[in-house]
$ cat target-v8.cif   # mmCIF, C-alpha atoms
data_final
#
loop_
_atom_site.label_atom_id
_atom_site.label_comp_id
_atom_site.auth_asym_id
_atom_site.auth_seq_id
_atom_site.Cartn_x
_atom_site.Cartn_y
_atom_site.Cartn_z
CA MET A 1 29.39 77.71 3.79
CA PRO A 2 31.57 74.62 4.48
CA ASP A 3 28.72 72.23 3.63
CA ILE A 4 29.26 72.78 -0.09
CA PHE A 5 32.80 71.40 -0.31
CA VAL A 6 33.91 67.91 -1.29
CA ARG A 7 37.18 68.94 0.33
CA ALA A 8 37.12 71.83 2.78
CA THR A 9 40.87 72.12 3.51
CA GLY A 10 43.91 72.77 1.36
CA PRO A 11 42.78 73.60 -2.13
CA ARG A 12 39.04 73.24 -1.60
CA VAL A 13 36.88 71.33 -4.10
CA VAL A 14 33.26 72.02 -4.98
CA ILE A 15 30.98 70.32 -7.53
CA PHE A 16 28.54 72.51 -9.45
CA ILE A 17 25.60 71.06 -11.41
CA MET A 18 24.28 73.70 -13.80
CA SER A 19 20.53 74.22 -14.00
CA ASN A 20 18.27 77.24 -13.67
CA ARG A 21 15.37 75.14 -12.41
CA ILE A 22 14.60 72.08 -10.31
CA ASP A 23 13.33 69.20 -12.45
CA ASP A 24 13.42 65.40 -12.53
CA THR A 25 16.81 65.31 -14.27
CA LEU A 26 18.44 67.58 -11.72
CA CYS A 27 16.89 65.65 -8.81
CA TYR A 28 18.22 62.36 -10.17
CA SER A 29 21.70 63.78 -10.68
CA VAL A 30 21.90 65.40 -7.24
CA GLY A 31 20.50 62.26 -5.59
CA SER A 32 23.15 60.10 -7.26
CA ALA A 33 25.84 62.47 -5.98
CA TYR A 34 24.54 62.24 -2.42
CA LEU A 35 24.39 58.43 -2.60
CA SER A 36 28.00 58.54 -3.82
CA GLY A 37 28.91 60.51 -0.70
CA LEU A 38 29.41 63.83 -2.50
CA PRO A 39 27.84 67.24 -1.78
CA VAL A 40 26.90 69.33 -4.82
CA VAL A 41 25.69 72.85 -5.54
CA VAL A 42 23.15 73.72 -8.23
CA ALA A 43 24.60 76.63 -10.22
CA GLY A 44 22.31 79.10 -12.02
CA TYR A 45 19.10 78.56 -10.07
CA GLN A 46 16.40 81.01 -11.19
CA MET A 47 18.86 82.80 -13.47
CA GLU A 48 17.87 83.58 -17.04
CA TYR A 49 18.73 80.82 -19.52
CA LYS A 50 19.63 82.21 -22.95
CA GLY A 51 21.25 79.11 -24.42
CA PHE A 52 24.47 77.19 -23.87
CA LEU A 53 26.51 80.30 -23.13
CA SER A 54 24.36 80.94 -20.06
CA LYS A 55 26.45 78.26 -18.38
CA HIS A 56 29.32 80.75 -18.24
CA ASP A 57 27.11 83.21 -16.34
CA PHE A 58 25.90 80.46 -14.03
CA MET A 59 29.44 79.42 -13.18
CA GLU A 60 30.85 82.91 -12.75
CA LYS A 61 28.18 83.70 -10.17
CA ALA A 62 28.52 80.32 -8.46
CA ILE A 63 32.30 80.65 -8.08
CA LYS A 64 31.85 84.10 -6.57
CA ASN A 65 29.01 82.94 -4.31
CA ALA A 66 31.16 80.06 -3.06
CA GLN A 67 33.99 82.54 -2.42
CA LEU A 68 36.49 80.25 -4.08
CA LYS A 69 40.15 81.14 -3.75
CA PRO A 70 42.31 81.15 -6.90
CA ASP A 71 43.83 77.73 -6.16
CA ASP A 72 40.50 76.09 -5.29
CA VAL A 73 39.04 73.51 -7.67
CA ALA A 74 35.63 73.57 -9.34
CA ILE A 75 34.00 70.62 -11.10
CA LEU A 76 31.22 71.90 -13.33
CA MET A 77 28.71 69.79 -15.19
CA ASP A 78 25.38 69.70 -16.95
CA SER A 79 22.40 68.30 -15.07
CA ASP A 80 22.12 65.17 -17.24
CA THR A 81 24.96 63.55 -15.32
CA LEU A 82 25.08 60.55 -13.03
CA PHE A 83 27.48 59.88 -10.17
CA THR A 84 28.40 56.20 -10.22
CA GLY A 85 29.64 55.75 -6.66
CA ALA A 86 33.24 55.30 -7.81
CA ASP A 87 35.85 56.98 -5.62
CA ILE A 88 36.64 60.52 -6.76
CA GLN A 89 39.43 61.14 -4.28
CA ALA A 90 42.25 59.55 -6.29
CA PHE A 91 41.48 61.73 -9.30
CA LEU A 92 41.27 64.83 -7.09
CA ASP A 93 44.63 63.94 -5.55
CA SER A 94 46.13 63.78 -9.04
CA PHE A 95 44.54 66.98 -10.30
CA ILE A 96 45.52 68.98 -7.22
CA ALA A 97 49.08 67.64 -7.30
CA GLN A 98 49.55 68.01 -11.05
CA SER A 99 47.66 71.16 -12.08
CA ALA A 100 49.01 74.68 -11.64
CA ALA A 101 47.72 76.24 -8.42
CA ALA A 102 48.69 79.66 -9.78
CA PRO A 103 49.50 81.05 -13.26
CA GLU A 104 53.23 81.22 -12.56
CA GLU A 105 53.29 77.45 -11.92
CA LEU A 106 51.94 76.51 -15.36
CA ASP A 107 54.51 74.73 -17.55
CA ALA A 108 53.16 73.86 -21.00
CA LEU A 109 55.93 71.39 -21.80
CA SER A 110 55.15 69.32 -18.71
CA VAL A 111 51.45 69.42 -19.61
CA ARG A 112 52.03 68.19 -23.16
CA GLN A 113 54.43 65.54 -21.89
CA GLY A 114 51.60 64.20 -19.76
CA ARG A 115 53.56 64.65 -16.54
CA VAL A 116 51.09 67.23 -15.19
CA MET A 117 47.55 68.34 -16.02
CA ALA A 118 46.30 71.54 -17.59
CA PRO A 119 44.49 73.84 -15.13
CA ILE A 120 41.30 73.34 -17.18
CA VAL A 121 40.43 69.79 -18.27
CA ALA A 122 37.28 68.95 -20.22
CA LEU A 123 35.58 65.61 -20.72
CA ALA A 124 36.78 63.84 -23.88
CA GLU A 125 34.37 62.00 -26.18
CA ASP A 126 34.30 60.27 -29.54
CA CYS A 127 31.75 62.56 -31.18
CA CYS A 128 33.02 65.90 -32.46
CA TRP A 129 30.37 68.60 -32.15
CA ALA A 130 31.22 72.28 -32.62
CA PRO A 131 28.29 73.84 -34.55
CA ASN A 132 29.78 77.35 -34.50
CA LEU A 133 32.87 76.03 -36.27
CA TYR A 134 31.66 73.19 -38.52
CA PHE A 135 28.45 72.18 -40.27
CA SER A 136 28.83 68.47 -39.51
CA HIS A 137 30.37 66.01 -37.08
CA MET A 138 32.65 64.69 -39.81
CA CYS A 139 34.01 68.12 -40.71
CA CYS A 140 34.68 68.68 -37.01
CA ARG A 141 36.62 65.41 -36.84
CA VAL A 142 38.66 66.40 -39.89
CA GLY A 143 39.43 69.76 -38.30
CA TYR A 144 40.65 68.20 -35.07
CA GLU A 145 42.65 65.55 -36.89
CA ALA A 146 44.44 68.27 -38.87
CA VAL A 147 45.54 69.83 -35.58
CA TYR A 148 46.61 66.49 -34.11
CA LYS A 149 48.62 65.82 -37.28
CA LYS A 150 50.59 69.02 -36.68
CA VAL A 151 51.28 68.00 -33.07
CA ARG A 152 52.49 64.56 -34.23
CA ALA A 153 54.82 66.17 -36.77
CA HIS A 154 56.22 68.49 -34.12
CA ALA A 155 56.76 65.56 -31.75
CA ALA A 156 58.65 63.67 -34.47
CA ALA A 157 60.79 66.72 -35.25
CA HIS A 158 61.53 67.34 -31.56
CA PRO A 159 62.00 63.97 -29.85
CA GLU A 160 63.73 65.80 -27.01
CA HIS A 161 60.33 67.16 -25.96
CA LYS A 162 59.00 63.64 -25.33
CA LEU A 163 55.41 64.67 -26.10
CA ALA A 164 52.81 62.18 -24.88
CA LEU A 165 50.29 62.38 -27.78
CA PRO A 166 47.45 61.09 -25.55
CA PHE A 167 44.88 61.58 -28.32
CA ASP A 168 46.44 58.62 -30.12
CA GLN A 169 45.96 56.39 -27.07
CA SER A 170 42.21 56.88 -26.71
CA PRO A 171 39.04 56.52 -28.80
CA TYR A 172 37.80 59.69 -27.10
CA ARG A 173 39.61 62.63 -28.72
CA HIS A 174 37.23 65.60 -28.81
CA PRO A 175 35.92 67.94 -26.10
CA ASN A 176 32.56 67.74 -24.38
CA MET A 177 31.77 70.68 -22.13
CA GLY A 178 29.21 68.66 -20.18
CA ILE A 179 31.86 68.03 -17.51
CA VAL A 180 34.91 70.20 -16.76
CA ILE A 181 37.37 70.38 -13.87
CA ALA A 182 39.33 73.57 -13.36
CA ARG A 183 41.34 75.66 -10.96
CA ALA A 184 39.27 78.70 -10.03
CA TRP A 185 41.92 81.15 -11.26
CA ALA A 186 42.05 79.42 -14.63
CA TYR A 187 38.30 79.27 -15.14
CA MET A 188 37.82 82.96 -14.36
CA GLU A 189 40.64 83.78 -16.78
CA TYR A 190 38.99 81.52 -19.35
CA LEU A 191 35.73 83.49 -19.03
CA GLU A 192 37.64 86.68 -19.88
CA LYS A 193 38.90 85.08 -23.10
CA VAL A 194 35.37 83.91 -23.95
CA GLU A 195 33.98 87.42 -23.56
CA ASN A 196 36.73 88.87 -25.75
CA LEU A 197 36.24 86.22 -28.45
CA ILE A 198 32.51 86.91 -28.66
CA LYS A 199 33.16 90.65 -29.04
CA THR A 200 36.00 90.48 -31.56
CA HIS A 201 35.57 87.35 -33.72
CA LYS A 202 32.77 85.80 -35.71
CA PRO A 203 32.09 82.04 -35.79
CA THR A 204 32.91 80.16 -38.98
CA ALA A 205 29.60 78.28 -39.18
CA ARG A 206 26.00 79.39 -38.59
CA ILE A 207 27.27 82.95 -38.56
CA GLN A 208 23.79 84.44 -38.44
CA LYS A 209 23.29 82.96 -34.95
CA GLY A 210 26.51 84.40 -33.58
CA TRP A 211 28.40 82.50 -30.90
CA TYR A 212 25.86 80.32 -29.11
CA CYS A 213 27.71 77.08 -28.27
CA ASP A 214 30.13 76.86 -25.34
CA GLN A 215 31.63 73.68 -26.76
CA SER A 216 32.43 75.43 -30.04
CA ILE A 217 34.24 78.19 -28.16
CA PHE A 218 36.31 75.70 -26.18
CA SER A 219 37.12 73.80 -29.39
CA ARG A 220 38.24 77.01 -31.11
CA PHE A 221 40.51 77.85 -28.18
CA HIS A 222 41.83 74.30 -27.81
CA MET A 223 42.66 73.73 -31.48
CA ASP A 224 44.22 77.17 -31.79
CA LEU A 225 46.28 76.62 -28.64
CA LEU A 226 47.70 73.27 -29.79
CA THR A 227 48.44 74.68 -33.25
CA TRP A 228 50.11 77.81 -31.88
CA GLU A 229 52.25 75.83 -29.43
CA VAL A 230 53.80 73.74 -32.19
CA GLU A 231 53.87 76.21 -35.09
CA GLN A 232 55.52 78.89 -32.95
CA ASP A 233 57.77 76.30 -31.32
CA VAL A 234 56.62 77.49 -27.89
CA LEU A 235 57.62 74.21 -26.25
CA SER A 236 61.26 74.82 -27.20
CA MET A 237 61.36 78.18 -25.44
CA PRO A 238 63.00 78.58 -22.03
CA LEU A 239 60.48 78.23 -19.20
CA HIS A 240 60.13 81.96 -18.50
CA GLU A 241 59.55 82.73 -22.19
CA ARG A 242 56.90 80.10 -22.75
CA GLN A 243 55.13 81.19 -19.57
CA ALA A 244 55.05 84.75 -20.91
CA ALA A 245 53.92 83.74 -24.41
CA ARG A 246 50.26 84.08 -25.40
CA SER A 247 48.28 82.37 -28.16
CA THR A 248 46.18 84.01 -30.88
CA TYR A 249 43.36 84.43 -28.38
CA GLY A 250 45.58 85.48 -25.50
CA MET A 251 45.83 82.10 -23.78
CA ARG A 252 48.74 80.72 -21.83
CA ALA A 253 50.56 77.73 -23.30
CA GLY A 254 49.33 74.47 -21.78
CA PHE A 255 46.17 76.16 -20.47
CA LEU A 256 43.60 73.65 -21.80
CA GLY A 257 43.46 69.85 -21.81
CA LEU A 258 41.12 66.89 -22.24
CA ASP A 259 40.53 63.88 -19.99
CA TYR A 260 41.58 61.45 -22.74
CA ALA A 261 41.77 58.57 -20.24
CA ASN A 262 38.22 59.24 -18.98
CA ALA A 263 39.53 58.89 -15.45
CA LEU A 264 36.91 61.33 -14.13
CA SER A 265 34.02 61.01 -16.55
CA VAL A 266 32.71 59.47 -19.75
CA VAL A 267 29.84 60.01 -22.18
CA ILE A 268 27.22 57.25 -22.15
CA ALA A 269 25.42 56.20 -25.34
CA HIS A 270 24.33 52.95 -26.99
CA LYS A 271 26.87 53.46 -29.76
CA TYR A 272 29.70 53.37 -27.19
CA LEU A 273 28.63 50.16 -25.43
CA HIS A 274 31.20 48.13 -27.37
CA ARG A 275 33.95 50.15 -25.67
CA THR A 276 32.74 49.09 -22.25
CA GLU A 277 32.60 45.76 -20.50
CA ILE A 278 31.01 44.25 -17.44
CA HIS A 279 33.92 43.83 -15.11
CA ASP A 280 32.69 41.04 -12.89
CA GLU A 281 36.17 39.80 -11.98
CA LEU A 282 35.78 42.12 -9.00
CA TRP A 283 32.76 40.05 -8.04
CA ALA A 284 34.30 36.60 -8.52
CA LYS A 285 34.94 35.95 -4.83
CA TYR A 286 31.26 36.55 -4.08
CA LEU A 287 29.93 34.08 -6.64
CA PRO A 288 29.27 30.34 -6.18
CA SER A 289 32.24 28.32 -7.42
CA GLY A 290 31.89 27.14 -11.01
CA LYS A 291 28.65 29.02 -11.63
CA ILE A 292 29.83 32.22 -13.25
CA LYS A 293 27.79 32.37 -16.44
CA HIS A 294 29.87 35.04 -18.14
CA PRO A 295 33.60 35.86 -18.13
CA HIS A 296 34.63 39.31 -16.97
CA SER A 297 34.99 40.37 -20.60
CA HIS A 298 31.25 39.95 -21.22
CA GLU A 299 30.42 42.89 -23.47
CA MET A 300 27.41 45.12 -23.09
CA ASN A 301 25.32 45.14 -26.25
CA GLY A 302 22.05 46.70 -25.12
CA VAL A 303 20.27 48.22 -22.15
CA LYS A 304 17.94 45.27 -21.56
CA SER A 305 20.67 42.64 -21.80
CA VAL A 306 22.79 44.65 -19.38
CA GLY A 307 19.90 44.87 -16.95
CA ARG A 308 19.26 41.13 -17.09
CA PHE A 309 22.94 40.29 -16.71
CA VAL A 310 23.44 42.63 -13.76
CA ALA A 311 20.26 41.45 -12.05
CA ASP A 312 21.26 37.80 -12.45
CA LEU A 313 24.82 38.44 -11.29
CA TYR A 314 23.65 40.30 -8.22
CA LYS A 315 21.01 37.72 -7.32
CA ARG A 316 23.59 34.93 -7.35
CA ALA A 317 26.14 36.94 -5.38
CA TYR A 318 23.61 38.11 -2.82
CA ALA A 319 22.08 34.63 -2.45
CA ALA A 320 25.51 33.15 -1.76
CA HIS A 321 27.01 35.80 0.48
CA GLY A 322 24.31 38.26 1.56
CA LYS A 323 25.58 41.51 3.00
CA GLU A 324 29.20 40.40 2.77
CA ILE A 325 29.22 41.89 -0.72
CA TYR A 326 28.76 45.40 0.71
CA THR A 327 31.36 47.93 1.61
CA ARG A 328 30.33 50.84 3.78
CA LEU A 329 31.03 54.42 2.78
CA ALA A 330 31.19 56.77 5.75
CA VAL A 331 29.33 60.05 5.18
CA PRO A 332 28.35 62.92 7.49
CA LYS A 333 25.02 62.55 9.23
CA TRP A 334 22.50 65.31 8.55
CA VAL A 335 19.51 66.34 10.63
CA ASP A 336 16.94 68.74 9.13
CA GLU A 337 19.37 69.77 6.36
CA LYS A 338 22.11 70.53 8.89
CA LYS A 339 25.39 68.62 9.00
CA THR A 340 26.29 67.08 12.35
CA SER A 341 29.58 65.75 13.69
CA GLU A 342 28.21 62.21 13.60
CA THR A 343 28.70 59.67 10.81
CA THR A 344 26.32 57.41 8.93
CA PHE A 345 27.01 54.89 6.16
CA ILE A 346 25.98 54.18 2.57
CA SER A 347 26.10 50.55 1.42
CA LEU A 348 28.01 49.99 -1.81
CA THR A 349 28.85 46.99 -3.97
CA PRO A 350 32.06 46.60 -5.99
CA PRO A 351 32.06 48.65 -9.21
CA LEU A 352 30.83 46.63 -12.15
CA PHE A 353 31.05 48.70 -15.34
CA ALA A 354 34.48 49.59 -16.69
CA SER A 355 36.18 50.77 -19.82
CA LYS A 356 37.94 48.13 -21.83
CA LEU A 357 41.60 47.76 -20.99
CA ARG A 358 43.51 50.64 -22.58
CA PRO A 359 46.42 53.04 -21.95
CA ILE A 360 45.74 55.54 -19.20
CA ASP A 361 49.23 56.78 -18.36
CA THR A 362 51.22 57.55 -21.49
CA VAL A 363 54.29 58.61 -19.51
CA HIS A 364 54.75 55.27 -17.77
CA ASN A 365 53.06 53.25 -20.53
CA THR A 366 50.57 51.72 -18.12
CA MET A 367 47.23 50.20 -19.04
CA ARG A 368 44.18 49.54 -16.91
CA HIS A 369 40.42 49.70 -16.78
CA THR A 370 38.82 52.93 -15.61
CA PHE A 371 35.75 53.24 -13.44
CA PRO A 372 34.53 56.78 -14.20
CA VAL A 373 33.13 58.78 -11.31
CA ILE A 374 30.61 60.62 -13.49
CA LEU A 375 28.56 59.57 -16.52
CA HIS A 376 27.25 62.20 -18.93
CA ALA A 377 24.15 61.39 -20.97
CA SER A 378 24.66 62.14 -24.66
CA ASP A 379 22.30 63.62 -27.24
CA LEU A 380 23.43 61.08 -29.83
CA GLU A 381 20.27 59.00 -29.70
CA TYR A 382 16.57 59.73 -29.70
CA GLY A 383 13.59 58.14 -27.97
CA TYR A 384 14.94 58.45 -24.43
CA THR A 385 14.37 61.32 -22.03
CA LYS A 386 17.36 62.53 -20.04
CA VAL A 387 15.93 60.97 -16.89
CA LYS A 388 15.45 57.64 -18.67
CA LYS A 389 19.10 57.66 -19.74
CA LEU A 390 20.20 58.33 -16.17
CA GLU A 391 17.94 55.57 -14.87
CA TYR A 392 19.41 53.00 -17.23
CA ALA A 393 22.93 54.19 -16.43
CA SER A 394 22.20 53.59 -12.73
CA VAL A 395 21.85 49.84 -13.18
CA GLY A 396 24.99 48.31 -11.73
CA ALA A 397 26.12 51.47 -9.93
CA PRO A 398 27.60 50.54 -6.53
CA TRP A 399 24.98 52.59 -4.65
CA PHE A 400 22.02 51.39 -6.74
CA MET A 401 21.96 47.59 -6.61
CA PRO A 402 21.84 47.25 -2.80
CA MET A 403 18.56 49.19 -2.83
CA VAL A 404 17.08 46.73 -5.33
CA TYR A 405 17.58 43.62 -3.20
CA ASP A 406 17.82 44.88 0.37
CA ALA A 407 14.77 46.64 1.84
CA GLU A 408 16.80 47.80 4.82
CA VAL A 409 19.34 49.58 2.61
CA LEU A 410 16.53 51.13 0.58
CA GLN A 411 14.91 52.46 3.74
CA GLN A 412 18.24 53.80 5.04
CA ASN A 413 18.93 55.64 1.78
CA GLU A 414 15.44 57.12 1.67
CA LYS A 415 15.89 58.40 5.20
CA TYR A 416 19.35 59.74 4.36
CA LEU A 417 18.10 61.73 1.37
CA GLU A 418 15.21 63.09 3.46
CA SER A 419 17.75 64.72 5.79
CA LEU A 420 19.81 66.44 3.09
CA PRO A 421 19.68 69.99 1.77
CA LEU A 422 19.39 71.15 -1.81
CA LEU A 423 22.02 73.86 -2.27
CA LEU A 424 21.06 76.45 -4.89
CA SER A 425 23.40 79.12 -6.25
CA THR A 426 21.44 82.12 -7.54
CA ASP A 427 22.67 85.38 -9.07
CA LYS A 428 23.29 86.68 -5.53
CA ASP A 429 23.86 83.90 -3.01
CA ILE A 430 23.75 80.18 -2.20
CA LEU A 431 20.40 79.14 -0.76
CA LYS A 432 19.64 76.04 1.26
CA THR A 433 16.32 74.22 0.97
CA SER A 434 15.06 70.65 1.40
CA TYR A 435 16.05 68.01 -1.16
CA GLN A 436 13.12 65.86 -0.05
CA ALA A 437 10.58 68.66 -0.48
CA HIS A 438 11.62 69.31 -4.08
CA CYS A 439 12.73 65.88 -5.28
CA GLY A 440 11.21 63.17 -3.11
CA PHE A 441 12.92 59.84 -3.82
CA PRO A 442 13.65 59.82 -7.59
CA PHE A 443 14.89 56.21 -7.81
CA LYS A 444 11.63 54.34 -7.10
CA LYS A 445 10.65 53.78 -10.72
CA ILE A 446 13.91 52.22 -11.91
CA ILE A 447 14.25 50.16 -8.70
CA ASN A 448 10.82 48.63 -9.32
CA LYS A 449 11.70 47.95 -12.94
CA VAL A 450 14.92 46.11 -12.09
CA GLN A 451 13.19 44.15 -9.32
CA ASN A 452 10.74 42.83 -11.92
CA ILE A 453 13.31 41.81 -14.53
#
$ encode --input "target-v8.cif" --output "structure tokens"
Amino acid sequence: MPDIFVRATGPRVVIFIMSNRIDDTLCYSVGSAYLSGLPVVVAGYQMEYKGFLSKHDFMEKAIKNAQLKPDDVAILMDSDTLFTGADIQAFLDSFIAQSAAAPEELDALSVRQGRVMAPIVALAEDCCWAPNLYFSHMCCRVGYEAVYKKVRAHAAAHPEHKLALPFDQSPYRHPNMGIVIARAWAYMEYLEKVENLIKTHKPTARIQKGWYCDQSIFSRFHMDLLTWEVEQDVLSMPLHERQAARSTYGMRAGFLGLDYANALSVVIAHKYLHRTEIHDELWAKYLPSGKIKHPHSHEMNGVKSVGRFVADLYKRAYAAHGKEIYTRLAVPKWVDEKKTSETTFISLTPPLFASKLRPIDTVHNTMRHTFPVILHASDLEYGYTKVKKLEYASVGAPWFMPMVYDAEVLQQNEKYLESLPLLLSTDKDILKTSYQAHCGFPFKKIINKVQNI
């Protein structure tokens, strides 16, 4: 089924959003992917949900249903995720070029030097949550810091290794399994290690529940892997020896990594707003001379203030330059959920939200802003539904703002979504149904709200 792939040649790439049912959150996430020009597959549809570990079952079936080859790439994520409209292709180029396409290509030293990527890379976040390992966020932080301290000591004792220590270059230092990118061979191998861990080891916290948290399992593997690599001096071994070596839990050296630079994704939460800024220098050429009310370093300090700022910025830019502020993203044209050879276009504005300037390439010591492709809603705050979080995160997204102020763009996007399929991976196959029939147009409410700011 070629319709499922973000890239259908070379190492193929497919995006899986995990959910066993169709609900408002899933519809919003899938719709944002389509308006970012990306096809997605819902993994786990109508499969039994028995807690976080069900995601492993969802993904195993989805990878098999998609008939992925070992070197193909899977991006897997929870349904409370939003696609921003930022270009994913540069990150995919890097991951495909820098991650091991086969087990025999994996070199742990190159991974820890930051010259290549691990074949499994998880989203990195500030919060440390591993309830099967620790009873609190703080204890989790202390546990991770103890591991990072060992890696620092090893780097100091072995300067010839030139270890990158990326965790010291980022405020986001702990795993979040809400978004993961992996080579298919690596993820299937990872699932084997998960199954063995559950059978042979008990968790260290909330023992009576058994293993129930996928993030705890990844954290156990990740911390053990880093510790084993330095304590057993694996990185000093000749290449063939370190490729043959296995960790406490049977993992290859360099097998797991985190997206410390948040080049692919980032967790969104009010408590992290101070680490983000409204990057309107990209908009400067569209604004009336001398009338920019805020510098590009204007910080976001609340959802409502962000909404007002973005609305005002867009109004002034659109009033001055109209449709000149748009770029056009070419996407395949669909008719009755079937892809045609023709092309249509999605109107986008320049990206507006960015991380604050920080190191992103520790090898070349380069710094820049990042415009994450995917935002993951956190559970760090209460009073907001998942859909509400995604709605607020949409404000300022390149695909969102044109719909607010241009009725023609809004109509085009509604028509585009009406033509698209909803691809559902079950325990047996990938089904195709109508996105419109199940989801309608999920952006109406937040569009109306922003129009009335």
$ atom_distance --input "target-v8.cif" --atom1 "atom CA of Asp312 of chain A" --atom2 "atom CA of Ile268 of chain A"
22.5 Å
$ resolve_selection --input "target-v8.cif" --expression "the PyMOL selection byres ((chain A and resi 262) around 10)" --output "PDB file with C-alpha atoms, in the frame of the given file"
ATOM      1  CA  ALA A 122      37.280  68.950 -20.220  1.00  0.00           C
ATOM      2  CA  LEU A 123      35.580  65.610 -20.720  1.00  0.00           C
ATOM      3  CA  ALA A 124      36.780  63.840 -23.880  1.00  0.00           C
ATOM      4  CA  GLU A 125      34.370  62.000 -26.180  1.00  0.00           C
ATOM      5  CA  SER A 170      42.210  56.880 -26.710  1.00  0.00           C
ATOM      6  CA  TYR A 172      37.800  59.690 -27.100  1.00  0.00           C
ATOM      7  CA  LEU A 258      41.120  66.890 -22.240  1.00  0.00           C
ATOM      8  CA  ASP A 259      40.530  63.880 -19.990  1.00  0.00           C
ATOM      9  CA  TYR A 260      41.580  61.450 -22.740  1.00  0.00           C
ATOM     10  CA  ALA A 261      41.770  58.570 -20.240  1.00  0.00           C
ATOM     11  CA  ALA A 263      39.530  58.890 -15.450  1.00  0.00           C
ATOM     12  CA  LEU A 264      36.910  61.330 -14.130  1.00  0.00           C
ATOM     13  CA  SER A 265      34.020  61.010 -16.550  1.00  0.00           C
ATOM     14  CA  VAL A 266      32.710  59.470 -19.750  1.00  0.00           C
ATOM     15  CA  VAL A 267      29.840  60.010 -22.180  1.00  0.00           C
ATOM     16  CA  SER A 355      36.180  50.770 -19.820  1.00  0.00           C
ATOM     17  CA  ILE A 360      45.740  55.540 -19.200  1.00  0.00           C
ATOM     18  CA  THR A 370      38.820  52.930 -15.610  1.00  0.00           C
ATOM     19  CA  PHE A 371      35.750  53.240 -13.440  1.00  0.00           C
ATOM     20  CA  PRO A 372      34.530  56.780 -14.200  1.00  0.00           C
ATOM     21  CA  VAL A 373      33.130  58.780 -11.310  1.00  0.00           C
ATOM     22  CA  ILE A 374      30.610  60.620 -13.490  1.00  0.00           C
ATOM     23  CA  LEU A 375      28.560  59.570 -16.520  1.00  0.00           C
TER      24      LEU A 375
END
$ closest_residue --input "target-v8.cif" --among "A:Val387, A:Ala66, A:Val404, A:Leu417" --to "Lys333 of chain A" --atoms "all atoms listed in the file"
A:Leu417
$ closest_residue --input "target-v8.cif" --among "A:Met403, A:Ala74, A:Trp283, A:Leu191" --to "Asp57 of chain A" --atoms "all atoms listed in the file"
A:Leu191
$ closest_residue --input "target-v8.cif" --among "A:His279, A:Lys415, A:His240, A:Lys428" --to "Trp334 of chain A" --atoms "only C-alpha atoms"
A:Lys415
$ closest_residue --input "target-v8.cif" --among "A:Glu195, A:Met251, A:Leu329, A:Met117" --to "Ala86 of chain A" --atoms "only C-alpha atoms"
A:Leu329
$ build_atoms --input "target-v8.cif" --residues "segment 343-354 of chain A" --atoms "N, CA and C atoms" --output "short mmCIF file (atom, residue, chain, number, x, y, z; two decimals), in the coordinates of the input"
data_model
loop_
_atom_site.label_atom_id
_atom_site.label_comp_id
_atom_site.auth_asym_id
_atom_site.auth_seq_id
_atom_site.Cartn_x
_atom_site.Cartn_y
_atom_site.Cartn_z
N THR A 343 28.49 60.34 12.10
CA THR A 343 28.70 59.67 10.81
C THR A 343 27.61 58.63 10.58
N THR A 344 27.19 58.50 9.34
CA THR A 344 26.32 57.41 8.93
C THR A 344 26.99 56.71 7.74
N PHE A 345 26.34 55.68 7.20
CA PHE A 345 27.01 54.89 6.16
C PHE A 345 26.07 54.63 4.98
N ILE A 346 26.67 54.58 3.79
CA ILE A 346 25.98 54.18 2.57
C ILE A 346 26.54 52.83 2.14
N SER A 347 25.67 51.88 1.85
CA SER A 347 26.10 50.55 1.42
C SER A 347 26.40 50.56 -0.07
N LEU A 348 27.57 50.05 -0.42
CA LEU A 348 28.01 49.99 -1.81
C LEU A 348 28.42 48.57 -2.17
N THR A 349 28.30 48.24 -3.45
CA THR A 349 28.85 46.99 -3.97
C THR A 349 30.11 47.31 -4.77
N PRO A 350 30.90 46.32 -5.13
CA PRO A 350 32.06 46.60 -5.99
C PRO A 350 31.61 47.21 -7.30
N PRO A 351 32.42 48.10 -7.90
CA PRO A 351 32.06 48.65 -9.21
C PRO A 351 32.00 47.56 -10.26
N LEU A 352 31.08 47.69 -11.18
CA LEU A 352 30.83 46.63 -12.15
C LEU A 352 31.16 47.03 -13.58
N PHE A 353 30.81 48.26 -13.97
CA PHE A 353 31.05 48.70 -15.34
C PHE A 353 32.42 49.35 -15.45
N ALA A 354 33.14 49.04 -16.50
CA ALA A 354 34.48 49.59 -16.69
C ALA A 354 34.75 49.79 -18.17
#
